[in-house]
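S.K.: Before anything else, here's the structure in question.
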Amino acid sequence: DAMYPWQHKFEASTASNDACMLMASNQSGKSRTGCIIDATHLTGEYPKDWQGLAFDFAPLCWLLGYSGEKTRDLLQNKLFGRLKDGKFEGGYISADKIVDYISMSGTTGACREVRVRHKSGGISVCQFWSYSQGQHALMGDVVDWYHIDEEPKDSQIYPQVLTRTLNGNKGIGGSGILTFTPENDKTELV
């Protein structure tokens, strides 16, 4: 998918920053931009003009949203397409690159995890989390890349995600992006 200059600038900022925020108005392409970056990391197929962070291995990526339904509709469907009869169709990542998936309990058509063939020969893991699970559900893993879509009201979600990245990216520290409209007024994060 082609990106506008501002989207390329955001992508390029990930090369030298551990956390990058794309805070803009509704319907301006924030989630789309983030998902294009996520798809590129999951597959390892970086375009020749890519200036952002690049993984030379198959990363563990966390994508977080408000609820199971929202992670499915705003993130999963963009990345992998809709799940029909056990197969994905219509996403940024083609179905032939998807190794397998684990369904999310309680949300029809939503996935908890999708595994993707990475150009390095490894298997990338994309895990979906909802803010409603709370910060305690996020404890324990070492994460290479995260994408927080929409601002969490729970002020402990973002610090917990940052803690998970401390030893990511082969021990040098993981990183990620936040894409949201400031709907919660002047929060600590904003």
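Residue numbering restarts at 1 for every chain of the structure tokens, chains are lettered A, B, ... in their displayed order, and ligands are numbered from 1 as they appear.
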Which of chain A counts as helix (DSSP H, G or I) under DSSP, as a VMD selection string please?

M.R.: chain A and resid 5 to 13 30 to 43 68 to 80 95 to 97 131 to 133 135 to 138 157 to 165

S.K.: Residues as selected, C-alpha atoms, written as a tab-separated table (two decimals), in the first residue's frame, can you do that?

M.R.:
```
chain	number	residue	atom	x	y	z
A	5	PRO	CA	5.03	11.68	2.85
A	6	TRP	CA	3.85	12.19	6.48
A	7	GLN	CA	3.40	8.43	6.82
A	8	HIS	CA	6.93	7.80	5.50
A	9	LYS	CA	8.24	10.37	7.99
A	10	PHE	CA	6.51	8.50	10.82
A	11	GLU	CA	7.88	5.17	9.59
A	12	ALA	CA	11.41	6.64	9.34
A	13	SER	CA	11.17	7.96	12.93
A	30	LYS	CA	-3.39	6.37	11.81
A	31	SER	CA	-4.31	2.70	12.24
A	32	ARG	CA	-3.69	2.03	8.55
A	33	THR	CA	-0.20	3.55	8.81
A	34	GLY	CA	0.60	1.50	11.89
A	35	CYS	CA	-0.67	-1.71	10.31
A	36	ILE	CA	1.44	-1.19	7.19
A	37	ILE	CA	4.50	-0.88	9.45
A	38	ASP	CA	3.38	-3.93	11.48
A	39	ALA	CA	2.89	-6.03	8.33
A	40	THR	CA	6.34	-5.10	7.09
A	41	HIS	CA	7.95	-6.18	10.37
A	42	LEU	CA	5.97	-9.43	10.50
A	43	THR	CA	6.98	-10.46	6.98
A	68	GLY	CA	-11.38	-8.02	21.22
A	69	GLU	CA	-13.86	-6.65	18.69
A	70	LYS	CA	-11.78	-3.51	18.10
A	71	THR	CA	-8.49	-5.40	17.72
A	72	ARG	CA	-10.26	-7.64	15.19
A	73	ASP	CA	-11.91	-4.82	13.25
A	74	LEU	CA	-9.17	-2.16	13.33
A	75	LEU	CA	-5.96	-4.21	13.39
A	76	GLN	CA	-6.43	-7.88	12.55
A	77	ASN	CA	-8.69	-7.26	9.53
A	78	LYS	CA	-6.24	-4.73	8.07
A	79	LEU	CA	-3.24	-7.00	8.58
A	80	PHE	CA	-4.67	-10.38	7.67
A	95	ALA	CA	-2.79	-15.81	3.20
A	96	ASP	CA	0.14	-17.85	1.83
A	97	LYS	CA	2.43	-16.19	4.43
A	131	TYR	CA	-7.10	-3.16	27.28
A	132	SER	CA	-10.06	-4.83	29.01
A	133	GLN	CA	-7.71	-7.72	29.92
A	135	GLN	CA	-2.09	-4.83	32.73
A	136	HIS	CA	-1.68	-8.15	34.58
A	137	ALA	CA	-2.44	-10.10	31.39
A	138	LEU	CA	0.57	-8.39	29.79
A	157	ILE	CA	-1.13	-0.44	30.16
A	158	TYR	CA	1.56	1.63	28.41
A	159	PRO	CA	4.19	1.31	31.19
A	160	GLN	CA	3.57	-2.45	31.28
A	161	VAL	CA	4.09	-2.69	27.50
A	162	LEU	CA	7.33	-0.71	27.80
A	163	THR	CA	8.53	-3.11	30.50
A	164	ARG	CA	7.88	-6.04	28.14
A	165	THR	CA	10.21	-4.45	25.54
```

S.K.: For Ser103 (chain A), please output as a PyMOL selection string all residues within 10 Å (counting only C-alpha atoms; exclusion window: fewer than 3 positions along the same chain).

M.R.: chain A and resi 106-114

S.K.: Next, the residues of the selection above should be written as a PDB file, in the first residue's frame with C-alpha atoms.

M.R.:
```pdb
ATOM      1  CA  GLY A 106     -15.332 -14.818  23.364  1.00  0.00           C
ATOM      2  CA  THR A 107     -14.974 -12.782  20.153  1.00  0.00           C
ATOM      3  CA  THR A 108     -16.189 -14.290  16.882  1.00  0.00           C
ATOM      4  CA  GLY A 109     -13.616 -14.127  14.092  1.00  0.00           C
ATOM      5  CA  ALA A 110     -10.962 -12.580  16.339  1.00  0.00           C
ATOM      6  CA  CYS A 111      -7.505 -14.048  16.826  1.00  0.00           C
ATOM      7  CA  ARG A 112      -5.355 -14.141  19.924  1.00  0.00           C
ATOM      8  CA  GLU A 113      -2.272 -14.959  17.850  1.00  0.00           C
ATOM      9  CA  VAL A 114      -1.289 -15.216  14.182  1.00  0.00           C
TER      10      VAL A 114
END
```

S.K.: Can you work out the spacing between CA of Thr181 (chain A) and CA of Gln156 (chain A) in Å, to one decimal?

M.R.: 18.6 Å

S.K.: Which residue is closest to Phe57 (chain A)? Choose from A:Ser120, A:Gln127, A:Ser155, A:Thr179 and count only C-alpha atoms.

M.R.: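 Of all the options, A:Ser120 lies closest to Phe57 (chain A).
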
S.K.: For CA of Phe55 (chain A) and CA of Asp154 (chain A), quote the distance in Å rounded to one decimal.

M.R.: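 Rounded to one decimal, the two atoms are 29.8 Å apart.
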
S.K.: Quick one: distance from CA of Gly140 (chain A) to CA of Cys20 (chain A) in Å, one decimal?

M.R.: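 Straight-line distance from CA of Gly140 (chain A) to CA of Cys20 (chain A) works out to 23.1 Å.
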
S.K.: I'd like the contact shell of region 45-49 of chain A - 8 Å cut-off, only C-alpha atoms, skipping same-chain residues fewer than 5 positions apart - returned as an mmCIF file with all heavy atoms, in the first residue's frame.

M.R.:
```
data_model
loop_
_atom_site.group_PDB
_atom_site.id
_atom_site.type_symbol
_atom_site.label_atom_id
_atom_site.label_comp_id
_atom_site.auth_asym_id
_atom_site.auth_seq_id
_atom_site.Cartn_x
_atom_site.Cartn_y
_atom_site.Cartn_z
ATOM 1 N N THR A 40 4.977 -5.067 7.613
ATOM 2 C CA THR A 40 6.340 -5.096 7.087
ATOM 3 C C THR A 40 7.275 -5.794 8.072
ATOM 4 O O THR A 40 8.106 -6.620 7.673
ATOM 5 C CB THR A 40 6.816 -3.666 6.776
ATOM 6 O OG1 THR A 40 5.859 -3.044 5.908
ATOM 7 C CG2 THR A 40 8.165 -3.662 6.094
ATOM 8 N N ALA A 54 14.210 -1.955 11.154
ATOM 9 C CA ALA A 54 14.043 -3.206 10.410
ATOM 10 C C ALA A 54 14.588 -4.356 11.255
ATOM 11 O O ALA A 54 15.667 -4.246 11.833
ATOM 12 C CB ALA A 54 14.772 -3.135 9.073
ATOM 13 N N HIS A 118 8.483 -15.178 8.028
ATOM 14 C CA HIS A 118 9.346 -14.007 7.926
ATOM 15 C C HIS A 118 10.410 -14.279 6.876
ATOM 16 O O HIS A 118 10.851 -15.426 6.701
ATOM 17 C CB HIS A 118 9.982 -13.733 9.298
ATOM 18 C CG HIS A 118 10.696 -12.441 9.395
ATOM 19 N ND1 HIS A 118 12.030 -12.299 9.073
ATOM 20 C CD2 HIS A 118 10.272 -11.210 9.792
ATOM 21 C CE1 HIS A 118 12.400 -11.048 9.272
ATOM 22 N NE2 HIS A 118 11.346 -10.358 9.719
ATOM 23 N N LYS A 119 10.831 -13.249 6.196
ATOM 24 C CA LYS A 119 11.829 -13.374 5.130
ATOM 25 C C LYS A 119 13.124 -14.044 5.605
ATOM 26 O O LYS A 119 13.818 -14.690 4.843
ATOM 27 C CB LYS A 119 12.132 -11.988 4.550
ATOM 28 C CG LYS A 119 12.988 -12.016 3.317
ATOM 29 C CD LYS A 119 13.168 -10.628 2.740
ATOM 30 C CE LYS A 119 14.042 -10.685 1.491
ATOM 31 N NZ LYS A 119 14.197 -9.370 0.903
#
```

S.K.: Let's see if you can do this: from backbone DSSP, list all strand (DSSP E) residues in region 27-170 of chain A, as a ChimeraX atom specification.

M.R.: /A:60-65,81-84,87-90,98-103,111-117,123-130,145-149

S.K.: Selected residues, N, CA and C atoms, written as a CSV table (one decimal), in the first residue's frame, please.

M.R.:
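See result.csv below for the written result:
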```csv
chain,number,residue,atom,x,y,z
A,60,LEU,N,8.5,-11.0,17.8
A,60,LEU,CA,7.3,-11.1,18.5
A,60,LEU,C,6.7,-9.7,18.5
A,61,CYS,N,5.5,-9.5,18.0
A,61,CYS,CA,4.8,-8.2,17.9
A,61,CYS,C,3.5,-8.3,18.7
A,62,TRP,N,3.3,-7.3,19.5
A,62,TRP,CA,2.0,-7.1,20.2
A,62,TRP,C,1.2,-6.0,19.6
A,63,LEU,N,0.0,-6.3,19.3
A,63,LEU,CA,-1.0,-5.2,18.8
A,63,LEU,C,-2.1,-5.1,19.8
A,64,LEU,N,-2.3,-3.9,20.3
A,64,LEU,CA,-3.2,-3.7,21.4
A,64,LEU,C,-4.3,-2.7,21.0
A,65,GLY,N,-5.5,-3.0,21.5
A,65,GLY,CA,-6.7,-2.2,21.2
A,65,GLY,C,-7.7,-2.2,22.4
A,81,GLY,N,-6.8,-9.6,6.9
A,81,GLY,CA,-8.1,-9.7,6.2
A,81,GLY,C,-9.1,-10.4,7.1
A,82,ARG,N,-10.3,-10.7,6.5
A,82,ARG,CA,-11.3,-11.4,7.3
A,82,ARG,C,-11.0,-12.9,7.3
A,83,LEU,N,-11.4,-13.5,8.4
A,83,LEU,CA,-11.3,-15.0,8.6
A,83,LEU,C,-12.6,-15.6,8.1
A,84,LYS,N,-12.5,-16.4,7.0
A,84,LYS,CA,-13.6,-17.1,6.5
A,84,LYS,C,-13.3,-18.6,6.3
A,87,LYS,N,-9.7,-19.6,6.8
A,87,LYS,CA,-8.6,-18.9,6.0
A,87,LYS,C,-8.8,-17.4,6.0
A,88,PHE,N,-7.7,-16.7,5.9
A,88,PHE,CA,-7.7,-15.2,5.9
A,88,PHE,C,-7.8,-14.8,4.4
A,89,GLU,N,-8.5,-13.7,4.2
A,89,GLU,CA,-8.4,-13.1,2.8
A,89,GLU,C,-8.6,-11.6,2.9
A,90,GLY,N,-7.8,-10.9,2.1
A,90,GLY,CA,-8.0,-9.4,1.9
A,90,GLY,C,-7.1,-8.5,2.8
A,98,ILE,N,0.7,-16.8,6.0
A,98,ILE,CA,0.2,-17.1,7.4
A,98,ILE,C,0.3,-18.6,7.6
A,99,VAL,N,1.1,-18.9,8.7
A,99,VAL,CA,1.3,-20.3,9.1
A,99,VAL,C,0.2,-20.9,9.8
A,100,ASP,N,-0.3,-20.2,10.8
A,100,ASP,CA,-1.5,-20.7,11.6
A,100,ASP,C,-1.9,-19.6,12.5
A,101,TYR,N,-3.0,-19.8,13.3
A,101,TYR,CA,-3.5,-18.8,14.2
A,101,TYR,C,-4.2,-19.5,15.4
A,102,ILE,N,-4.4,-18.8,16.4
A,102,ILE,CA,-5.2,-19.2,17.6
A,102,ILE,C,-6.3,-18.2,17.8
A,103,SER,N,-7.5,-18.7,17.9
A,103,SER,CA,-8.7,-17.9,18.0
A,103,SER,C,-8.7,-17.2,19.4
A,111,CYS,N,-8.6,-13.2,16.5
A,111,CYS,CA,-7.5,-14.0,16.8
A,111,CYS,C,-6.7,-13.5,18.0
A,112,ARG,N,-6.2,-14.5,18.8
A,112,ARG,CA,-5.4,-14.1,19.9
A,112,ARG,C,-3.9,-14.1,19.4
A,113,GLU,N,-3.6,-14.9,18.4
A,113,GLU,CA,-2.3,-15.0,17.8
A,113,GLU,C,-2.3,-15.4,16.4
A,114,VAL,N,-1.5,-14.8,15.6
A,114,VAL,CA,-1.3,-15.2,14.2
A,114,VAL,C,0.2,-15.3,13.9
A,115,ARG,N,0.6,-16.5,13.3
A,115,ARG,CA,2.0,-16.7,13.1
A,115,ARG,C,2.3,-16.5,11.6
A,116,VAL,N,3.4,-15.8,11.2
A,116,VAL,CA,3.6,-15.4,9.9
A,116,VAL,C,5.0,-15.8,9.4
A,117,ARG,N,5.2,-16.3,8.2
A,117,ARG,CA,6.5,-16.6,7.6
A,117,ARG,C,7.3,-15.2,7.5
A,123,ILE,N,9.6,-17.6,12.0
A,123,ILE,CA,8.2,-17.4,12.1
A,123,ILE,C,7.9,-16.3,13.0
A,124,SER,N,7.4,-15.2,12.5
A,124,SER,CA,7.0,-14.1,13.4
A,124,SER,C,5.7,-14.4,14.1
A,125,VAL,N,5.5,-13.8,15.3
A,125,VAL,CA,4.3,-14.1,16.1
A,125,VAL,C,3.7,-12.7,16.3
A,126,CYS,N,2.4,-12.6,15.9
A,126,CYS,CA,1.6,-11.4,16.2
A,126,CYS,C,0.5,-11.8,17.2
A,127,GLN,N,0.6,-11.1,18.4
A,127,GLN,CA,-0.4,-11.4,19.4
A,127,GLN,C,-1.3,-10.1,19.6
A,128,PHE,N,-2.6,-10.4,19.8
A,128,PHE,CA,-3.5,-9.3,20.0
A,128,PHE,C,-4.0,-9.3,21.4
A,129,TRP,N,-4.0,-8.1,22.0
A,129,TRP,CA,-4.4,-7.9,23.4
A,129,TRP,C,-5.4,-6.8,23.4
A,130,SER,N,-6.3,-6.9,24.4
A,130,SER,CA,-7.3,-5.8,24.6
A,130,SER,C,-7.0,-5.2,25.9
A,145,TRP,N,8.3,-5.7,19.3
A,145,TRP,CA,7.6,-4.6,18.6
A,145,TRP,C,6.2,-4.5,19.2
A,146,TYR,N,5.7,-3.3,19.4
A,146,TYR,CA,4.3,-3.2,19.8
A,146,TYR,C,3.6,-2.1,19.0
A,147,HIS,N,2.3,-2.2,18.9
A,147,HIS,CA,1.5,-1.2,18.3
A,147,HIS,C,0.3,-1.0,19.2
A,148,ILE,N,0.2,0.2,19.9
A,148,ILE,CA,-0.9,0.5,20.7
A,148,ILE,C,-1.9,1.4,19.8
A,149,ASP,N,-3.1,0.8,19.6
A,149,ASP,CA,-4.0,1.6,18.7
A,149,ASP,C,-5.2,2.0,19.6
```

S.K.: Ranking A:Tyr4, A:Lys153, A:Gly44, A:Ser16 by minimum distance to Ser28 (chain A) and counting only C-alpha atoms, which one comes first?

M.R.: A:Tyr4

S.K.: Write out as a VMD selection string which residues come within 9 Å of Thr14 (chain A) when counting only C-alpha atoms, dropping same-chain ones fewer than 5 positions away.

M.R.: chain A and resid 19 to 20 51 to 54 175 to 177
